[in-house]
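Asker: Dropping the structure in here first, questions after.
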Number of protein chains: 4
Amino acid sequence: MNSFGRIFQVQILGESHGVGAGVVIDGCPAGIPLTEKEFEADISRRRAGAKGTTPRVEADLPEFMSGVFDGKTTGAPLTIFFKNMNTRSGDYANLVASPRPGHADYTGRIKYGGFNDYRGGGHFSARLTVAIVAAGVVAKKILKGIQVESKVISVGGSTDIDVALDKAIADHNSIGGIVECTAKGLPVGLGEPFWDSIESVLSHAVFAIPATKGIEFGSGFASAAMTGLEHNDNIIDDRGTTESNFAGGINGGISNGNELVFRIATKPTSSIAKPQQTMNFEKGKVDELLINGRHDACVALRVPSILEAMTAMVLADFMLLEQKAARVYN
Amino acid sequence: MNSFGRIFQVQILGESHGVGAGVVIDGCPAGIPLTEKEFEADISRRRAGAKGTTPRVEADLPEFMSGVFDGKTTGAPLTIFFKNMNTRSGDYANLVASPRPGHADYTGRIKYGGFNDYRGGGHFSARLTVAIVAAGVVAKKILKGIQVESKVISVGGSTDIDVALDKAIADHNSIGGIVECTAKGLPVGLGEPFWDSIESVLSHAVFAIPATKGIEFGSGFASAAMTGLEHNDNIIDDRGTTESNFAGGINGGISNGNELVFRIATKPTSSIAKPQQTMNFEKGKVDELLINGRHDACVALRVPSILEAMTAMVLADFMLLEQKAARVYN
Amino acid sequence: MNSFGRIFQVQILGESHGVGAGVVIDGCPAGIPLTEKEFEADISRRRAGAKGTTPRVEADLPEFMSGVFDGKTTGAPLTIFFKNMNTRSGDYANLVASPRPGHADYTGRIKYGGFNDYRGGGHFSARLTVAIVAAGVVAKKILKGIQVESKVISVGGSTDIDVALDKAIADHNSIGGIVECTAKGLPVGLGEPFWDSIESVLSHAVFAIPATKGIEFGSGFASAAMTGLEHNDNIIDDRGTTESNFAGGINGGISNGNELVFRIATKPTSSIAKPQQTMNFEKGKVDELLINGRHDACVALRVPSILEAMTAMVLADFMLLEQKAARVYN
Amino acid sequence: MNSFGRIFQVQILGESHGVGAGVVIDGCPAGIPLTEKEFEADISRRRAGAKGTTPRVEADLPEFMSGVFDGKTTGAPLTIFFKNMNTRSGDYANLVASPRPGHADYTGRIKYGGFNDYRGGGHFSARLTVAIVAAGVVAKKILKGIQVESKVISVGGSTDIDVALDKAIADHNSIGGIVECTAKGLPVGLGEPFWDSIESVLSHAVFAIPATKGIEFGSGFASAAMTGLEHNDNIIDDRGTTESNFAGGINGGISNGNELVFRIATKPTSSIAKPQQTMNFEKGKVDELLINGRHDACVALRVPSILEAMTAMVLADFMLLEQKAARVYN
């Protein structure tokens with residue numbers, strides 16, 4: 001379903017070439033100051049236009065449809081909507097017959113019996129991540145004293161990001177990347193044993209970011225080649241500080257007070273300017289497909305603000321949940 | 001919270017050194033034949049006793065506490081319980097003062113204000129995965145015609161598993177590993193766009209398996225170094241078959257009918273026989289800790305049956321959800 | 001929280017004097033034809049303007065913000081929004097100091113620390129029921145072959161409704177009423193034992209209708225004075241038809257195939273034109289309050305279309321849930 | 001589904017003539033002292049044996065299967081189980097052919113395709129309310145300073161309860177009743193606008209009590225015959241105290257700090273010793289049914305402890321939820 005979170009619940013709606021994209025946040029505390037202006041910084045980080053990103057640029061002005069009064073949240077559902085301005089639906093006409101490799105065109109068609117809005121990926125589009133970024137702006141306000149930061153650490157297998165990008169653009173091709181996210185200042189005790197470990201809930205949210213192929217916490221996949229003696233993080237003081245941080249700030253699914261660290265793998269953008277082979281359902285045979293439209297050479301470049309937003313949402317929800325454990329009984 | 005799934009809901013309960021471990025499955029269809037005997041195969045695959053696994057061996061006989069009548073499921077909540085037999089709680093007495101590196105001793109103590117059952121990890125213990133395996137046995141019965149399989153593909157960085165294990169045992173150390181899981185025969189259309197993509201829901205479940213540090217689907221982290229032209233899986237027939245399978249059987253979060261493939265990284269067992277340094281809260285300083293008890297040299301070896309069970313649970317839930325879309329309106 | 005339903009999930013948002021009121025429906029099947037025109041009939045039944053209802057009349061034109069493409073639902077979240085046109089916020093200025101008796105002014109202020117939008121009741125306002133009616137229009141389309149109908153059966157204790165209304169209007173007072181709802185054509189088997197009985201889920205939804213003070217199914221409160229021999233409905237054929245229908249179409253929380261029947265009590269509108277006594281928080285003492293604004297003499301008159309909508313939503317959700325039981329295993 | 005609550009989540013399991021009945025409570029705070037002895041008082045109030053109740057008496061000793069350590073809750077799922085001791089399944093053999101009027105025999109059979117445990121009503125049995133009472137004992141511990149009380153106020157239409165009972169027993173018949181519940185000491189602000197009003201959530205829980213036909217808050221159905229001027233509760237001090245309490249302690253779905261008051265209608269026990277007419281599915285025609293077994297003449301007599309438990313559960317959940325709003329941001 002299209003909502004996420006237990007207290008701070010986020011619902012995403014909209015389509016790439018429909019009226020717009022939006023978010024409804026339920027469970028947001030009352031009294032948080034909120035102005036349209038505060039969304040600019042994170043939304044412009046997500047926005048396209050820089051080298052390696054699509055030339056489709058949206059102004060992305062947030063409209064508060066509900067839940068804000070006199071410049072503050074009211075405690076009622078908070079709705080933020082972004083109208084689509086810059087759409088060219090004609091670009092996608094030939095995709096009805098020929099599902100694009102790597103996209104949800106084929107799976108969406110089968111799942112929804114052909115009724116899905118196929119234009120620009122419809123509800124599957126990365127366009128909807130603008131709504132996630134907006135939810136993140138609100139979530140960050142709840143996370144006072146906690147710093148969530150995310151950055152690209154490699155693209156196309158290289159840490160020289162400029163060079164790798166130039167090559168992909170020159171080749172009319174696309175490349176993947178690795179994006180890291182950290183959170184400092186977390187209290188000990190967020191997360192639940194078993195189903196709602198921090199890793200479980202964060203990974204659930206993070207795989208909603210289009211193009212994500214993997215996630216790892218702390219030592220991650222490298223841990224498989226390590227020994228216990230190497231990997232164990234010795235505790236060196238009574239606040240739980242550890243010498244190393246292979247755990248990535250989590251033990252038993254629960255924050256241990258050290259820095260939360262995780263990385264995700266973003267695949268290369270599926271839409272490329274080169275001709276590809278795919279089934280043409282009109283012709284009943286495999287045929288060449290040329291994708292028009294405007295696309296990112298490296299979608300990983302736009303991930304950091306989205307990944308921060310997702311992380312902030314998850315942590316805000318854990319913080320609000322933990323408050324209740326600040327405890328009726330004792 | 002301790003339940004998972006939207007239709008086929010699984011709740012895990014119990015402790016390592018308490019009465020036992022169990023599972024309550026809500027939403028299980030009525031009429032599924034179920035006998036205690038059918039649990040033997042998967043449970044013995046999980047069970048310890050082989051080289052590289054702990055000498056604590058439990059008989060693990062399932063007791064049906066509710067939801068089974070005349071050898072079939074009734075549609076009411078199905079409760080399966082495993083009594084603990086072979087516990088030695090004395091082994092854990094010194095852990096109250098000295099939280100073990102890599103374990104949830106410290107985080108559990110802080111989160112629950114010291115009231116958690118610390119013996120053998122309590123509710124955090126891998127002991128509870130016996131209940132997961134039991135849920136998987138039931139889930140697999142719902143997945144007619146779908147084969148879920150899992151295997152260890154490397155330990156300690158090596159595919160020569162025997163050699164790597166022997167070395168770890170000789171060193172009184174532990175090692176990590178990589179475990180792969182596949183599912184064949186899935187229909188197109190399982191999963192939801194955005195929050196409940198197959199990757200989101202599977203990763204949520206999988207990170208509940210103790211010691212998991214990462215997950216990747218299809219090409220996974222390798223995709224970050226690939227180009228779009230390499231990575232795109234061309235569709236070659238009208239059933240959606242793809243030439244390559246870098247997607248791991250998923251597009252836009254939704255199954256595409258090709259094989260589902262993913263891998264997880266399991267860290268080295270945290271409990272090792274070698275002395276370690278950790279904060280001693282009684283003495284108020286870092287001190288040597290020697291862990292008694294019985295442990296796995298490589299916990300990854302016990303993961304495959306658990307990983308299959310988790311995957312089967314998630315897929316069974318998606319199958320039951322999708323049925324409803326088989327569709328009232330059309 | 002502000003969403004309801006397990007498959008057909010309905011989230012309500014908006015305020016009486018804000019931008020508008022809306023509904024997001026998640027889990028709506030794809031392919032349902034839907035035009036703005038189809039909302040007219042039910043929305044005009046809810047609309048004010050007739051004798052005994054407020055003179056605040058809104059045009060109530062639904063805008064599809066997401067989830068509709070080419071005149072059909074897409075399977076993605078369906079958002080329907082109603083802009084507020086006819087608001088006079090000045091009418092409510094004195095309510096900040098003096099909470100209106102019978103309203104949520106005082107509870108809302110305390111719950112949200114004074115940050116709630118108090119104008120016209122804000123998020124507590126009956127204005128939001130326009131969004132419920134819209135959700136009902138969609139739900140009814142899923143309920144093919146099932147007729148949901150609701151009507152006022154008494155107001156102010158009288159079945160001569162016109163006379164009772166005239167008196168209330170002449171007195172500058174308001175009156176309550178009883179509203180009945182029935183559903184014909186339900187299959188046997190909707191609902192769940194224990195927590196999600198039809199009565200449980202319907203009553204949960206129905207008490208979201210402002211001013212509802214009670215609900216009873218079939219014989220209802222009269223059953224308390226009956227004997228078992230009188231009350232038991234004898235089954236007279238193999239389709240489960242019963243001779244009497246004191247059960248109201250439900251046994252053990254599950255539909256029995258007979259007509260579903262229930263009634264609700266709607267209290268008299270709290271806003272009346274007569275002066276009342278209430279605490280004035282500015283003056284720090286009880287003082288006279290005169291409520292301006294435009295109000296219903298009998299809000300029960302506007303309940304039938306809302307009650308039908310709630311009932312349709314709940315039944316549509318049960319139908320979609322039951323489909324899944326149509327059954328993977330057998 | 002078989003769980004209820006957002007933070008304090010209660011899952012009910014078991015059958016009337018199976019292994020037993022139990023409850024799993026997830027989200028229970030850690031550190032609550034809990035002994036088997038503390039369950040005696042409420043469980044013996046629910047227990048049968050007094051005039052007008054079934055002669056089937058169970059010892060009802062609670063077993064803690066998980067979540068308790070050293071006499072205190074641990075924060076992990078708390079499982080309490082009651083073994084069935086005194087069952088006579090032979091009593092129910094003829095019910096396979098002849099569904100009992102007023103019971104879930106017919107609906108259960110159709111819903112579960114004949115696989116339900118029909119003995120004594122199986123999972124539909126009032127036997128499971130022992131688990132609810134147990135959950136209530138735990139919930140009441142969370143509600144420090146809040147008194148939840150419930151009592152029968154009439155049976156068979158009479159407040160002379162002894163006389164009415166004697167007559168029903170002499171007639172081999174059964175009678176219904178009205179049960180009232182109150183809660184004193186609630187803070188202002190529990191409950192949510194719209195879907196999760198106190199009335200919505202309480203009624204959801206209360207209709208899970210077998211034989212419940214109606215619920216009303218404060219003035220309830222009588223409000224339908226009242227005027228606004230009569231019904232409005234004037235606020236008379238700055239703590240929100242009202243002069244009258246027709247609201248039953250709730251405005252806009254949210255507790256107003258005055259006494260919470262509601263009543264439910266319990267139908268006459270469906271099982272009676274007199275012969276009844278019902279469809280005999282073996283014979284294919286309506287035939288006489290004589291119900292053996294042991295039954296209550298007035299099941300309402302056993303409702304108070306169950307109703308208190310349900311109310312305590314719901315209020316405990318609201319209290320734990322509200323804690324989180326005690327508020328991260330401000």
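By convention here, the chains of the structure tokens are called A, B, ... in the order presented, each chain's residues are numbered starting at 1, and ligands are numbered starting at 1 in the order presented.
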I'd like the neighbourhood of Leu289 (chain A) as a ChimeraX atom specification, where a residue qualifies if any of its atoms comes within 8 Å (using only C-alpha atoms), though same-chain residues fewer than 4 positions away should be ignored.

Answerer: /A:98,100,275-278

Asker: Since we have the selection now, will you write its residues out, keeping C-alpha atoms, as an mmCIF file, in the first residue's frame?

Answerer:
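Below you can see out.cif, which holds the result:
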```cif
data_model
loop_
_atom_site.group_PDB
_atom_site.id
_atom_site.type_symbol
_atom_site.label_atom_id
_atom_site.label_comp_id
_atom_site.auth_asym_id
_atom_site.auth_seq_id
_atom_site.Cartn_x
_atom_site.Cartn_y
_atom_site.Cartn_z
ATOM 1 C CA SER A 98 6.970 -1.442 -26.514
ATOM 2 C CA ARG A 100 11.066 -0.098 -21.998
ATOM 3 C CA PRO A 275 18.440 2.097 -29.556
ATOM 4 C CA GLN A 276 17.468 -1.057 -27.616
ATOM 5 C CA GLN A 277 15.758 -4.345 -28.406
ATOM 6 C CA THR A 278 12.454 -5.188 -26.706
#
```

Asker: Identify every residue of chain D that has at least one atom within 9 Å of any atom of chain B, counting only C-alpha atoms, and report the result as a compact mmCIF listing (two decimals) with C-alpha atoms, in the first residue's frame.

Answerer:
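Printed below is result_2.txt as written:
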```
# COMPACT_ATOMS: atom_id res chain seq x y z
CA MET D 1 -7.68 -9.98 11.62
CA ASN D 2 -7.11 -11.10 15.14
CA SER D 3 -5.11 -8.27 16.61
CA ILE D 7 0.88 0.45 20.56
CA GLN D 9 -1.57 -4.63 20.51
CA GLN D 11 -3.95 -10.80 19.63
CA ILE D 12 -6.43 -13.48 20.66
CA LEU D 13 -6.00 -17.16 19.83
CA GLY D 14 -7.48 -20.50 20.72
CA GLU D 15 -10.64 -22.55 20.62
CA GLY D 18 -8.91 -27.16 21.60
CA VAL D 19 -5.71 -26.87 23.65
CA GLY D 20 -6.82 -23.62 25.24
CA ALA D 21 -7.20 -19.87 24.79
CA VAL D 24 -0.27 -12.19 22.93
CA ASP D 26 2.79 -6.68 21.88
CA GLY D 27 3.94 -3.23 22.89
CA PRO D 29 5.97 -1.45 28.46
CA ALA D 30 8.86 -3.15 30.28
CA GLY D 31 9.08 -3.28 34.05
CA PHE D 64 3.16 -16.88 31.09
CA MET D 65 4.68 -18.31 27.90
CA SER D 66 6.84 -15.29 27.05
CA GLY D 67 7.59 -11.71 28.00
CA VAL D 68 7.89 -12.04 31.78
CA PHE D 69 11.24 -12.34 33.57
CA ASP D 70 11.93 -12.11 37.30
CA LYS D 72 8.22 -8.23 35.58
CA THR D 73 7.30 -7.59 31.95
CA THR D 74 10.34 -7.41 29.68
CA GLY D 75 9.03 -5.29 26.81
CA ALA D 76 9.03 -8.33 24.50
CA PRO D 77 5.70 -9.90 23.42
CA LEU D 78 3.80 -11.07 26.50
CA THR D 79 1.96 -14.37 26.01
CA LYS D 111 -16.65 -18.75 5.56
CA TYR D 112 -14.08 -21.45 6.23
CA GLY D 113 -15.33 -24.03 3.77
CA GLY D 114 -16.20 -26.48 6.54
CA PHE D 115 -12.69 -26.54 8.01
CA ASN D 116 -13.48 -24.50 11.13
CA ASP D 117 -13.34 -26.16 14.53
CA GLY D 122 -14.40 -23.11 18.21
CA HIS D 123 -12.64 -19.78 17.73
```

Asker: Please report the interatomic distance between CA of Glu40 (chain B) and CA of Val133 (chain B) in Å with one decimal.

Answerer: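 Between CA of Glu40 (chain B) and CA of Val133 (chain B) the gap is 10.2 Å.
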
Asker: Quick one: residues within 10 Å of Asp166 (chain C), only C-alpha atoms, excluding same-chain residues fewer than 4 positions away - as a ChimeraX atom specification?

Answerer: /C:51-52,161-162,170-171,297

Asker: Write the selection just made, keeping all heavy atoms, as a tab-separated table (two decimals), in the first residue's frame?

Answerer:
```tsv
chain	number	residue	atom	x	y	z
C	51	LYS	N	-34.92	22.58	4.00
C	51	LYS	CA	-35.43	22.97	5.32
C	51	LYS	C	-34.70	22.21	6.42
C	51	LYS	O	-34.52	21.00	6.33
C	51	LYS	CB	-36.93	22.67	5.40
C	51	LYS	CG	-37.52	23.09	6.76
C	51	LYS	CD	-39.04	23.15	6.73
C	51	LYS	CE	-39.63	21.74	6.70
C	51	LYS	NZ	-41.10	21.75	6.79
C	52	GLY	N	-34.26	22.93	7.40
C	52	GLY	CA	-33.62	22.27	8.54
C	52	GLY	C	-32.12	22.12	8.39
C	52	GLY	O	-31.46	21.60	9.26
C	161	ILE	N	-41.81	14.08	10.62
C	161	ILE	CA	-40.54	14.82	10.61
C	161	ILE	C	-40.72	16.30	10.31
C	161	ILE	O	-40.04	17.18	10.89
C	161	ILE	CB	-39.55	14.14	9.62
C	161	ILE	CG1	-39.21	12.75	10.17
C	161	ILE	CG2	-38.27	14.96	9.46
C	161	ILE	CD1	-38.39	11.88	9.29
C	162	ASP	N	-41.64	16.60	9.42
C	162	ASP	CA	-41.89	17.99	9.05
C	162	ASP	C	-42.31	18.84	10.25
C	162	ASP	O	-41.80	19.94	10.47
C	162	ASP	CB	-43.00	18.06	7.99
C	162	ASP	CG	-42.44	18.45	6.63
C	162	ASP	OD1	-41.19	18.47	6.49
C	162	ASP	OD2	-43.24	18.71	5.73
C	170	ALA	N	-38.56	27.17	14.56
C	170	ALA	CA	-39.28	28.27	15.22
C	170	ALA	C	-38.67	28.58	16.58
C	170	ALA	O	-38.61	29.74	17.00
C	170	ALA	CB	-40.76	27.90	15.36
C	171	ASP	N	-38.20	27.54	17.28
C	171	ASP	CA	-37.60	27.71	18.61
C	171	ASP	C	-36.14	28.17	18.58
C	171	ASP	O	-35.51	28.28	19.64
C	171	ASP	CB	-37.62	26.37	19.39
C	171	ASP	CG	-39.03	25.96	19.79
C	171	ASP	OD1	-39.95	26.79	19.62
C	171	ASP	OD2	-39.20	24.83	20.27
C	297	ALA	N	-30.59	22.82	11.69
C	297	ALA	CA	-31.51	22.61	12.81
C	297	ALA	C	-31.53	21.13	13.18
C	297	ALA	O	-31.74	20.76	14.33
C	297	ALA	CB	-32.92	23.07	12.44
```

Asker: To one decimal place in Å, what is the distance between CA of Pro62 (chain D) and CA of Phe82 (chain D)?

Answerer: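 Rounded to one decimal, the two atoms are 5.3 Å apart.
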
Asker: Residues at most 9 Å from Arg239 (chain A), counting only C-alpha atoms, excluding those fewer than 6 positions away in the same chain, as a list of chain:residue names?

Answerer: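 Everything that qualifies: A:Val188, A:Asn256, A:Gly257.
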
Asker: Can you pull out every residue within 12 Å of Thr54 (chain A), counting only C-alpha atoms, but drop anything in the same chain fewer than 4 positions away, and send it as a list of chain:residue names?

Answerer: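 Answer for this query is A:Arg46, A:Arg47, A:Ala48, A:Gly49, A:Ala50, A:Glu58, A:Ala126, A:Arg127, A:Ile169, A:Ser174, A:Thr269, A:Ser271, A:Ile272, A:Ala273, A:Gly293, A:Arg294, A:His295, A:Asp296, A:Ala297, A:Cys298, A:Val299, A:Leu301, A:Arg302.
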
Asker: Any idea what the distance is between CA of Glu180 (chain D) and CA of Arg45 (chain D)?

Answerer: 15.6 Å

Asker: What parts of region 144-276 of chain C does DSSP call strand (DSSP E)? I'd like the answer as number ranges by chain.

Answerer: C: 147-155, 177-184, 212-217, 250-251, 254-255, 260-266, 276

Asker: Give the helix (DSSP H, G or I) residues of region 37-273 of chain C, as DSSP finds them on the backbone, and put them as a ChimeraX atom specification.

Answerer: /C:37-46,89-95,105-111,119-124,126-142,161-170,194-196,198-206,220-225,228-231

Asker: Mind dumping the selected residues with C-alpha atoms as a short mmCIF file (atom, residue, chain, number, x, y, z; two decimals), in the first residue's frame?

Answerer:
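Written out: selection_20.cif:
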```
data_model
loop_
_atom_site.label_atom_id
_atom_site.label_comp_id
_atom_site.auth_asym_id
_atom_site.auth_seq_id
_atom_site.Cartn_x
_atom_site.Cartn_y
_atom_site.Cartn_z
CA LYS C 37 -20.63 13.77 -12.87
CA GLU C 38 -21.22 10.52 -10.97
CA PHE C 39 -20.65 12.27 -7.66
CA GLU C 40 -23.50 14.73 -8.09
CA ALA C 41 -26.38 12.60 -6.85
CA ASP C 42 -24.92 11.55 -3.50
CA ILE C 43 -23.22 14.88 -2.89
CA SER C 44 -26.40 16.82 -3.50
CA ARG C 45 -28.22 14.53 -1.04
CA ARG C 46 -25.63 15.50 1.58
CA SER C 89 -14.04 32.78 8.97
CA GLY C 90 -14.88 35.97 10.79
CA ASP C 91 -17.91 34.16 12.18
CA TYR C 92 -15.70 32.12 14.48
CA ALA C 93 -13.46 34.79 15.99
CA ASN C 94 -15.03 34.74 19.47
CA LEU C 95 -14.67 30.95 19.83
CA ASP C 105 -13.32 23.43 20.61
CA TYR C 106 -12.05 22.70 24.11
CA THR C 107 -10.75 19.16 23.50
CA GLY C 108 -9.09 20.17 20.24
CA ARG C 109 -7.35 23.10 21.90
CA ILE C 110 -5.94 20.96 24.70
CA LYS C 111 -5.00 18.03 22.48
CA ARG C 119 -12.19 28.09 12.32
CA GLY C 120 -15.50 26.31 11.91
CA GLY C 121 -14.20 23.31 13.81
CA GLY C 122 -11.22 22.91 11.47
CA HIS C 123 -10.41 19.25 10.89
CA PHE C 124 -13.25 18.25 13.26
CA ALA C 126 -18.72 17.98 9.37
CA ARG C 127 -17.46 19.71 6.22
CA LEU C 128 -15.09 16.74 5.84
CA THR C 129 -17.98 14.37 5.33
CA VAL C 130 -18.16 15.55 1.73
CA ALA C 131 -14.96 13.55 1.24
CA ILE C 132 -16.60 10.51 2.85
CA VAL C 133 -19.51 10.75 0.46
CA ALA C 134 -17.04 10.84 -2.42
CA ALA C 135 -15.31 7.71 -1.14
CA GLY C 136 -18.72 6.09 -0.92
CA VAL C 137 -19.45 6.82 -4.57
CA VAL C 138 -16.32 4.88 -5.50
CA ALA C 139 -17.06 2.09 -3.01
CA LYS C 140 -20.58 1.59 -4.34
CA LYS C 141 -19.11 0.85 -7.76
CA ILE C 142 -17.25 -2.08 -6.25
CA ILE C 161 -40.54 14.82 10.61
CA ASP C 162 -41.89 17.99 9.05
CA VAL C 163 -43.73 19.01 12.18
CA ALA C 164 -40.77 18.35 14.44
CA LEU C 165 -38.48 20.36 12.19
CA ASP C 166 -40.80 23.35 12.00
CA LYS C 167 -40.95 23.47 15.76
CA ALA C 168 -37.16 23.31 16.16
CA ILE C 169 -36.66 26.09 13.61
CA ALA C 170 -39.28 28.27 15.22
CA PHE C 194 -13.33 -11.36 17.10
CA TRP C 195 -11.72 -8.04 16.32
CA ASP C 196 -12.91 -7.49 12.81
CA ILE C 198 -18.85 -6.62 10.71
CA GLU C 199 -20.31 -4.84 13.74
CA SER C 200 -16.82 -3.86 14.97
CA VAL C 201 -15.63 -2.43 11.69
CA LEU C 202 -18.92 -0.74 10.77
CA SER C 203 -19.27 0.88 14.19
CA HIS C 204 -15.66 2.06 14.02
CA ALA C 205 -16.42 3.84 10.74
CA VAL C 206 -19.84 5.09 11.76
CA GLY C 220 -30.23 -3.79 19.08
CA PHE C 221 -31.07 -2.44 22.52
CA ALA C 222 -34.49 -4.09 22.39
CA SER C 223 -32.73 -7.48 22.56
CA ALA C 224 -31.86 -6.81 26.19
CA ALA C 225 -35.53 -7.26 27.10
CA GLY C 228 -33.58 -16.46 23.59
CA LEU C 229 -36.58 -18.27 22.19
CA GLU C 230 -37.99 -15.02 20.81
CA HIS C 231 -34.69 -13.69 19.59
#
```

Asker: Identify which of the residues D:Asn245, D:Ser305, D:Asn234, D:Ser197 lies closest to Lys151 (chain D), counting only C-alpha atoms when measuring atom-to-atom distances.

Answerer: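 Of all the options, D:Ser305 lies closest to Lys151 (chain D).
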
Asker: Let me make sure I understand: among D:Thr266, D:Ser255, D:Asn280, D:Ser125, which one has the smallest atom-to-atom distance to Glu192 (chain D) if we use only C-alpha atoms?

Answerer: D:Ser255
